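Next comes model.cif, with mmCIF, C-alpha atoms.
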data_my_file
loop_
_atom_site.label_atom_id
_atom_site.label_comp_id
_atom_site.auth_asym_id
_atom_site.auth_seq_id
_atom_site.Cartn_x
_atom_site.Cartn_y
_atom_site.Cartn_z
CA MET A 1102 79.34 -43.85 33.07
CA ALA A 1103 77.96 -47.17 34.29
CA PRO A 1104 74.62 -47.34 36.11
CA ALA A 1105 74.62 -47.22 39.90
CA ASP A 1106 74.06 -50.30 42.02
CA SER A 1107 71.65 -49.91 44.94
CA GLY A 1108 74.02 -51.84 47.17
CA HIS A 1109 73.54 -54.67 49.61
CA PRO A 1110 74.20 -54.89 53.33
CA LYS A 1111 77.00 -57.44 52.83
CA THR A 1112 78.82 -55.38 50.21
CA GLY A 1113 77.92 -51.84 51.19
CA LYS A 1114 76.83 -49.00 48.98
CA GLU A 1115 80.41 -47.78 48.63
CA ASN A 1116 81.03 -50.75 46.31
CA ALA A 1117 78.04 -49.94 44.10
CA PRO A 1118 79.79 -47.97 41.31
CA SER A 1119 82.63 -50.48 41.10
CA ARG A 1120 80.14 -53.36 40.83
CA SER A 1121 78.18 -51.52 38.15
CA ALA A 1122 81.40 -50.99 36.22
CA ALA A 1123 82.25 -54.69 36.69
CA ARG A 1124 78.87 -55.73 35.26
CA LEU A 1125 79.29 -53.50 32.22
CA ALA A 1126 82.82 -54.80 31.67
CA ALA A 1127 81.59 -58.40 32.02
CA VAL A 1128 78.96 -57.81 29.31
CA GLN A 1129 81.60 -56.26 27.06
CA ALA A 1130 83.98 -59.16 27.75
CA LEU A 1131 81.31 -61.80 27.03
CA TYR A 1132 80.54 -60.03 23.76
CA GLN A 1133 84.24 -59.88 22.89
CA MET A 1134 84.75 -63.55 23.74
CA GLU A 1135 81.86 -64.59 21.50
CA SER A 1136 82.93 -62.45 18.56
CA ALA A 1137 86.68 -63.10 18.79
CA GLY A 1138 86.67 -66.63 20.16
CA GLN A 1139 89.02 -65.65 22.98
CA GLY A 1140 89.16 -67.74 26.17
CA VAL A 1141 87.92 -66.58 29.55
CA GLU A 1142 91.28 -66.37 31.34
CA ALA A 1143 92.93 -64.40 28.51
CA THR A 1144 89.93 -62.05 28.45
CA ILE A 1145 90.08 -61.52 32.22
CA ARG A 1146 93.81 -60.71 31.98
CA GLU A 1147 93.23 -58.30 29.10
CA PHE A 1148 90.44 -56.46 30.91
CA LYS A 1149 92.34 -56.29 34.21
CA ASP A 1150 95.52 -55.08 32.50
CA HIS A 1151 94.04 -52.63 30.00
CA ARG A 1152 90.37 -51.80 30.53
CA LEU A 1153 89.16 -51.88 34.13
CA GLY A 1154 89.61 -48.37 35.47
CA ALA A 1155 91.04 -47.08 32.19
CA GLU A 1156 90.36 -43.74 30.53
CA LEU A 1157 87.68 -43.18 27.92
CA GLU A 1158 87.73 -39.97 25.89
CA GLY A 1159 90.10 -38.41 28.40
CA GLU A 1160 87.99 -39.22 31.46
CA ARG A 1161 88.85 -41.85 34.01
CA ILE A 1162 86.25 -44.61 34.13
CA HIS A 1163 85.27 -45.69 37.62
CA ALA A 1164 87.46 -48.62 38.61
CA ALA A 1165 85.56 -51.88 38.33
CA ASP A 1166 85.54 -54.46 41.09
CA ALA A 1167 87.99 -56.84 39.42
CA ALA A 1168 87.06 -59.85 41.56
CA PHE A 1169 83.35 -59.33 40.88
CA PHE A 1170 84.06 -58.89 37.16
CA SER A 1171 86.07 -62.13 37.10
CA ASP A 1172 83.35 -64.00 38.99
CA ILE A 1173 80.62 -62.90 36.58
CA LEU A 1174 82.71 -63.68 33.52
CA ARG A 1175 83.91 -67.09 34.70
CA GLY A 1176 80.50 -67.94 36.09
CA ALA A 1177 78.58 -67.00 32.96
CA VAL A 1178 80.98 -69.07 30.85
CA GLU A 1179 80.96 -72.06 33.22
CA THR A 1180 77.15 -72.09 33.52
CA GLN A 1181 76.40 -71.28 29.88
CA ALA A 1182 75.24 -74.86 29.27
CA ARG A 1183 72.53 -74.20 31.88
CA LEU A 1184 71.80 -70.58 30.90
CA ASP A 1185 71.34 -71.02 27.15
CA PRO A 1186 68.61 -73.69 27.32
CA TYR A 1187 66.71 -71.46 29.75
CA LEU A 1188 67.05 -68.53 27.35
CA GLN A 1189 65.97 -70.68 24.41
CA ARG A 1190 62.77 -71.67 26.27
CA GLN A 1191 61.93 -67.99 26.75
CA LEU A 1192 62.01 -67.21 23.03
CA SER A 1193 59.03 -67.31 20.73
CA THR A 1194 58.47 -70.50 18.79
CA GLY A 1195 60.74 -70.60 15.77
CA TRP A 1196 63.32 -68.22 17.25
CA ARG A 1197 66.82 -69.43 17.99
CA LEU A 1198 69.13 -67.97 20.57
CA SER A 1199 71.61 -67.25 17.79
CA ARG A 1200 69.11 -64.74 16.31
CA LEU A 1201 69.41 -62.49 19.36
CA ASP A 1202 71.89 -59.65 19.18
CA ALA A 1203 75.22 -60.76 20.67
CA THR A 1204 75.11 -57.90 23.19
CA VAL A 1205 71.65 -59.00 24.34
CA ARG A 1206 72.94 -62.56 24.77
CA ALA A 1207 75.87 -61.25 26.83
CA ILE A 1208 73.58 -59.12 29.03
CA LEU A 1209 71.21 -62.02 29.62
CA ARG A 1210 73.96 -64.54 30.36
CA ALA A 1211 75.61 -62.24 32.91
CA GLY A 1212 72.28 -61.34 34.53
CA LEU A 1213 71.09 -64.94 34.67
CA TYR A 1214 74.37 -66.02 36.21
CA GLU A 1215 73.95 -63.48 38.99
CA LEU A 1216 70.36 -64.51 39.63
CA ILE A 1217 71.27 -68.18 39.83
CA ARG A 1218 74.65 -68.13 41.57
CA ARG A 1219 74.90 -64.82 43.45
CA PRO A 1220 72.18 -64.85 46.12
CA ASP A 1221 74.17 -62.18 47.98
CA VAL A 1222 73.00 -59.69 45.34
CA PRO A 1223 69.29 -58.82 45.62
CA TYR A 1224 67.31 -59.84 42.53
CA LYS A 1225 66.00 -56.28 42.08
CA VAL A 1226 69.55 -54.97 41.87
CA VAL A 1227 70.46 -57.62 39.27
CA ILE A 1228 67.44 -56.83 37.10
CA ASN A 1229 67.84 -53.05 37.37
CA GLU A 1230 71.56 -53.14 36.62
CA TYR A 1231 71.24 -55.26 33.48
CA VAL A 1232 68.20 -53.33 32.22
CA ASP A 1233 70.29 -50.15 32.66
CA ILE A 1234 73.09 -51.76 30.65
CA ALA A 1235 70.58 -52.72 27.95
CA ASN A 1236 69.33 -49.12 27.90
CA ALA A 1237 72.91 -47.93 27.38
CA PHE A 1238 73.20 -50.05 24.23
CA PHE A 1239 69.67 -50.07 22.81
CA GLU A 1240 66.76 -47.69 22.27
CA ASP A 1241 64.10 -50.10 21.03
CA ASP A 1242 62.54 -53.21 22.59
CA GLU A 1243 65.72 -54.84 23.90
CA PRO A 1244 65.65 -53.33 27.42
CA GLY A 1245 62.06 -54.49 27.91
CA PHE A 1246 62.99 -57.93 26.61
CA VAL A 1247 65.93 -58.11 29.04
CA ASN A 1248 63.64 -57.02 31.88
CA ALA A 1249 61.02 -59.67 31.03
CA ILE A 1250 63.56 -62.51 30.77
CA LEU A 1251 65.39 -61.59 33.98
CA ASP A 1252 62.12 -61.06 35.86
CA ALA A 1253 60.89 -64.52 34.79
CA ALA A 1254 64.24 -66.01 35.81
CA ALA A 1255 64.07 -64.30 39.21
CA LYS A 1256 60.62 -65.80 39.81
CA GLU A 1257 62.13 -69.25 39.26
CA ALA A 1258 65.53 -68.80 40.89
CA ARG A 1259 64.61 -66.40 43.72
CA ASP A 1260 61.00 -67.29 44.51
CA ASP A 1261 61.69 -67.20 48.25
CA GLU A 1262 63.31 -63.76 48.02
CA MET A 1263 60.45 -62.37 45.90
CA ARG A 1264 57.84 -63.44 48.46
CA VAL A 1265 59.48 -61.49 51.27
#
For this file, produce the structure as structure tokens.
Amino acid sequence: MAPADSGHPKTGKENAPSRSAARLAAVQALYQMESAGQGVEATIREFKDHRLGAELEGERIHAADAAFFSDILRGAVETQARLDPYLQRQLSTGWRLSRLDATVRAILRAGLYELIRRPDVPYKVVINEYVDIANAFFEDDEPGFVNAILDAAAKEARDDEMRV
């Protein structure tokens, strides 16, 4: 089950599980696109037709907010030229973005997109959601790494929100 979203006054808490599911699906789709070389529109169609709200091991997965999923996926792809240089600057000297696990790259790209282009979603929600996704995939240092990168990005992109 996907992590819960703490909600936002504009979206309401009733949308929280569907947004969490959309975030998880967006990370999975970004990973799939990178590994298979599939385009964004074909990936969105595939996920909407076969994966969002599907069954996993006999249990119905909470239906993802398809519009939110599409926005994250398109946005992360469209802004990747801005996201990747930021990520590269956060890495230790000598490390390349390509050395990061593909799932970590997908988590960071989706999270960074939300921080930069979705001011309607509180920065704390963005960070918590993507750290939860990282925790679902990794048991070592990756969730802490995701937290540090997204926190640093929030300080740059959402400075006014963080001071409130």
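A straight line drawn from atom CA of A:Ala1137 to atom CA of A:Ala1203 is 11.8 Å long.
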Which neighbours of A:Asn1248 fall inside 12 Å, counting all atoms listed in the file, when residues of the same chain fewer than 3 positions from it are skipped, and could you give them as a PyMOL selection string? chain A and resi 1205+1208-1209+1212-1213+1224-1236+1242-1245+1251-1255
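If you measure from each of A:Ala1258, A:Ala1130, A:Val1265, A:Ala1122 to A:Arg1218 using only C-alpha atoms, the closest one turns out to be A:Ala1258.
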For each of A:Ser1119, A:Thr1194, A:Thr1180, A:Ser1171, take the minimum atom-to-atom distance to A:Glu1147, counting all atoms listed in the file, then give the residue where this is smallest.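 Nearest candidate to A:Glu1147 out of A:Ser1119, A:Thr1194, A:Thr1180, A:Ser1171: A:Ser1171.
Nearest to A:Ser1136 of all the residues A:Phe1246, A:Met1263, A:Glu1215, A:Arg1206 is A:Arg1206, based on all atoms listed in the file.
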Given only C-alpha atoms as the basis, pick out the residue of A:Ala1249, A:Asp1166, A:Glu1240, A:Glu1257 nearest to A:Leu1216.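 Among A:Ala1249, A:Asp1166, A:Glu1240, A:Glu1257, it is A:Glu1257 that comes nearest to A:Leu1216.
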Interatomic distance (Å, one decimal) between atom CA of A:Ala1168 and atom CA of A:Val1222: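 Computing the Euclidean distance for atom CA of A:Ala1168 and atom CA of A:Val1222 yields 14.6 Å.
Using the PyMOL selection byres ((chain A and resi 1134) around 12) on this structure selects A:Ala1126, A:Ala1127, A:Val1128, A:Gln1129, A:Ala1130, A:Leu1131, A:Tyr1132, A:Gln1133, A:Glu1135, A:Ser1136, A:Ala1137, A:Gly1138, A:Gln1139, A:Gly1140, A:Val1141, A:Glu1142, A:Ala1143, A:Thr1144, A:Ile1145, A:Glu1147, A:Phe1148, A:Leu1174, A:Arg1175, A:Ala1177, A:Val1178, A:Ala1203, A:Thr1204, A:Arg1206, A:Ala1207.
Between atom CA of A:Arg1190 and atom CA of A:Gly1176 lies a distance of 20.6 Å.
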Since fewer atoms than expected are present, regenerate N, CA, C and O atoms for stretch 1182-1194 of chain A and write them as a PDB file, in the frame of the given file.
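What follows is the written file out-v5.pdb:
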ATOM      1  N   ALA A1182      76.007 -73.679  29.669  1.00  0.00           N
ATOM      2  CA  ALA A1182      75.240 -74.860  29.270  1.00  0.00           C
ATOM      3  C   ALA A1182      73.897 -74.922  29.995  1.00  0.00           C
ATOM      4  O   ALA A1182      72.945 -75.531  29.499  1.00  0.00           O
ATOM      5  N   ARG A1183      73.801 -74.277  31.145  1.00  0.00           N
ATOM      6  CA  ARG A1183      72.530 -74.200  31.880  1.00  0.00           C
ATOM      7  C   ARG A1183      71.747 -72.947  31.484  1.00  0.00           C
ATOM      8  O   ARG A1183      70.513 -72.966  31.439  1.00  0.00           O
ATOM      9  N   LEU A1184      72.449 -71.856  31.219  1.00  0.00           N
ATOM     10  CA  LEU A1184      71.800 -70.580  30.900  1.00  0.00           C
ATOM     11  C   LEU A1184      71.144 -70.583  29.524  1.00  0.00           C
ATOM     12  O   LEU A1184      70.015 -70.114  29.370  1.00  0.00           O
ATOM     13  N   ASP A1185      71.857 -71.088  28.520  1.00  0.00           N
ATOM     14  CA  ASP A1185      71.340 -71.020  27.150  1.00  0.00           C
ATOM     15  C   ASP A1185      70.047 -71.802  26.940  1.00  0.00           C
ATOM     16  O   ASP A1185      69.135 -71.288  26.285  1.00  0.00           O
ATOM     17  N   PRO A1186      69.892 -73.010  27.479  1.00  0.00           N
ATOM     18  CA  PRO A1186      68.610 -73.690  27.320  1.00  0.00           C
ATOM     19  C   PRO A1186      67.457 -72.916  27.983  1.00  0.00           C
ATOM     20  O   PRO A1186      66.347 -72.882  27.460  1.00  0.00           O
ATOM     21  N   TYR A1187      67.729 -72.282  29.113  1.00  0.00           N
ATOM     22  CA  TYR A1187      66.710 -71.460  29.750  1.00  0.00           C
ATOM     23  C   TYR A1187      66.322 -70.303  28.816  1.00  0.00           C
ATOM     24  O   TYR A1187      65.139 -70.045  28.588  1.00  0.00           O
ATOM     25  N   LEU A1188      67.328 -69.632  28.271  1.00  0.00           N
ATOM     26  CA  LEU A1188      67.050 -68.530  27.350  1.00  0.00           C
ATOM     27  C   LEU A1188      66.270 -69.008  26.138  1.00  0.00           C
ATOM     28  O   LEU A1188      65.317 -68.350  25.704  1.00  0.00           O
ATOM     29  N   GLN A1189      66.659 -70.144  25.594  1.00  0.00           N
ATOM     30  CA  GLN A1189      65.970 -70.680  24.410  1.00  0.00           C
ATOM     31  C   GLN A1189      64.492 -70.919  24.704  1.00  0.00           C
ATOM     32  O   GLN A1189      63.638 -70.632  23.876  1.00  0.00           O
ATOM     33  N   ARG A1190      64.177 -71.419  25.905  1.00  0.00           N
ATOM     34  CA  ARG A1190      62.770 -71.670  26.270  1.00  0.00           C
ATOM     35  C   ARG A1190      61.964 -70.384  26.359  1.00  0.00           C
ATOM     36  O   ARG A1190      60.745 -70.404  26.221  1.00  0.00           O
ATOM     37  N   GLN A1191      62.628 -69.266  26.611  1.00  0.00           N
ATOM     38  CA  GLN A1191      61.930 -67.990  26.750  1.00  0.00           C
ATOM     39  C   GLN A1191      61.589 -67.348  25.398  1.00  0.00           C
ATOM     40  O   GLN A1191      60.763 -66.448  25.332  1.00  0.00           O
ATOM     41  N   LEU A1192      62.212 -67.819  24.346  1.00  0.00           N
ATOM     42  CA  LEU A1192      62.010 -67.210  23.030  1.00  0.00           C
ATOM     43  C   LEU A1192      60.744 -67.720  22.368  1.00  0.00           C
ATOM     44  O   LEU A1192      60.292 -68.836  22.636  1.00  0.00           O
ATOM     45  N   SER A1193      60.208 -66.914  21.490  1.00  0.00           N
ATOM     46  CA  SER A1193      59.030 -67.310  20.730  1.00  0.00           C
ATOM     47  C   SER A1193      59.335 -68.530  19.883  1.00  0.00           C
ATOM     48  O   SER A1193      60.481 -68.744  19.463  1.00  0.00           O
ATOM     49  N   THR A1194      58.312 -69.316  19.627  1.00  0.00           N
ATOM     50  CA  THR A1194      58.470 -70.500  18.790  1.00  0.00           C
ATOM     51  C   THR A1194      59.086 -70.107  17.460  1.00  0.00           C
ATOM     52  O   THR A1194      58.689 -69.122  16.845  1.00  0.00           O
TER      53      THR A1194
END
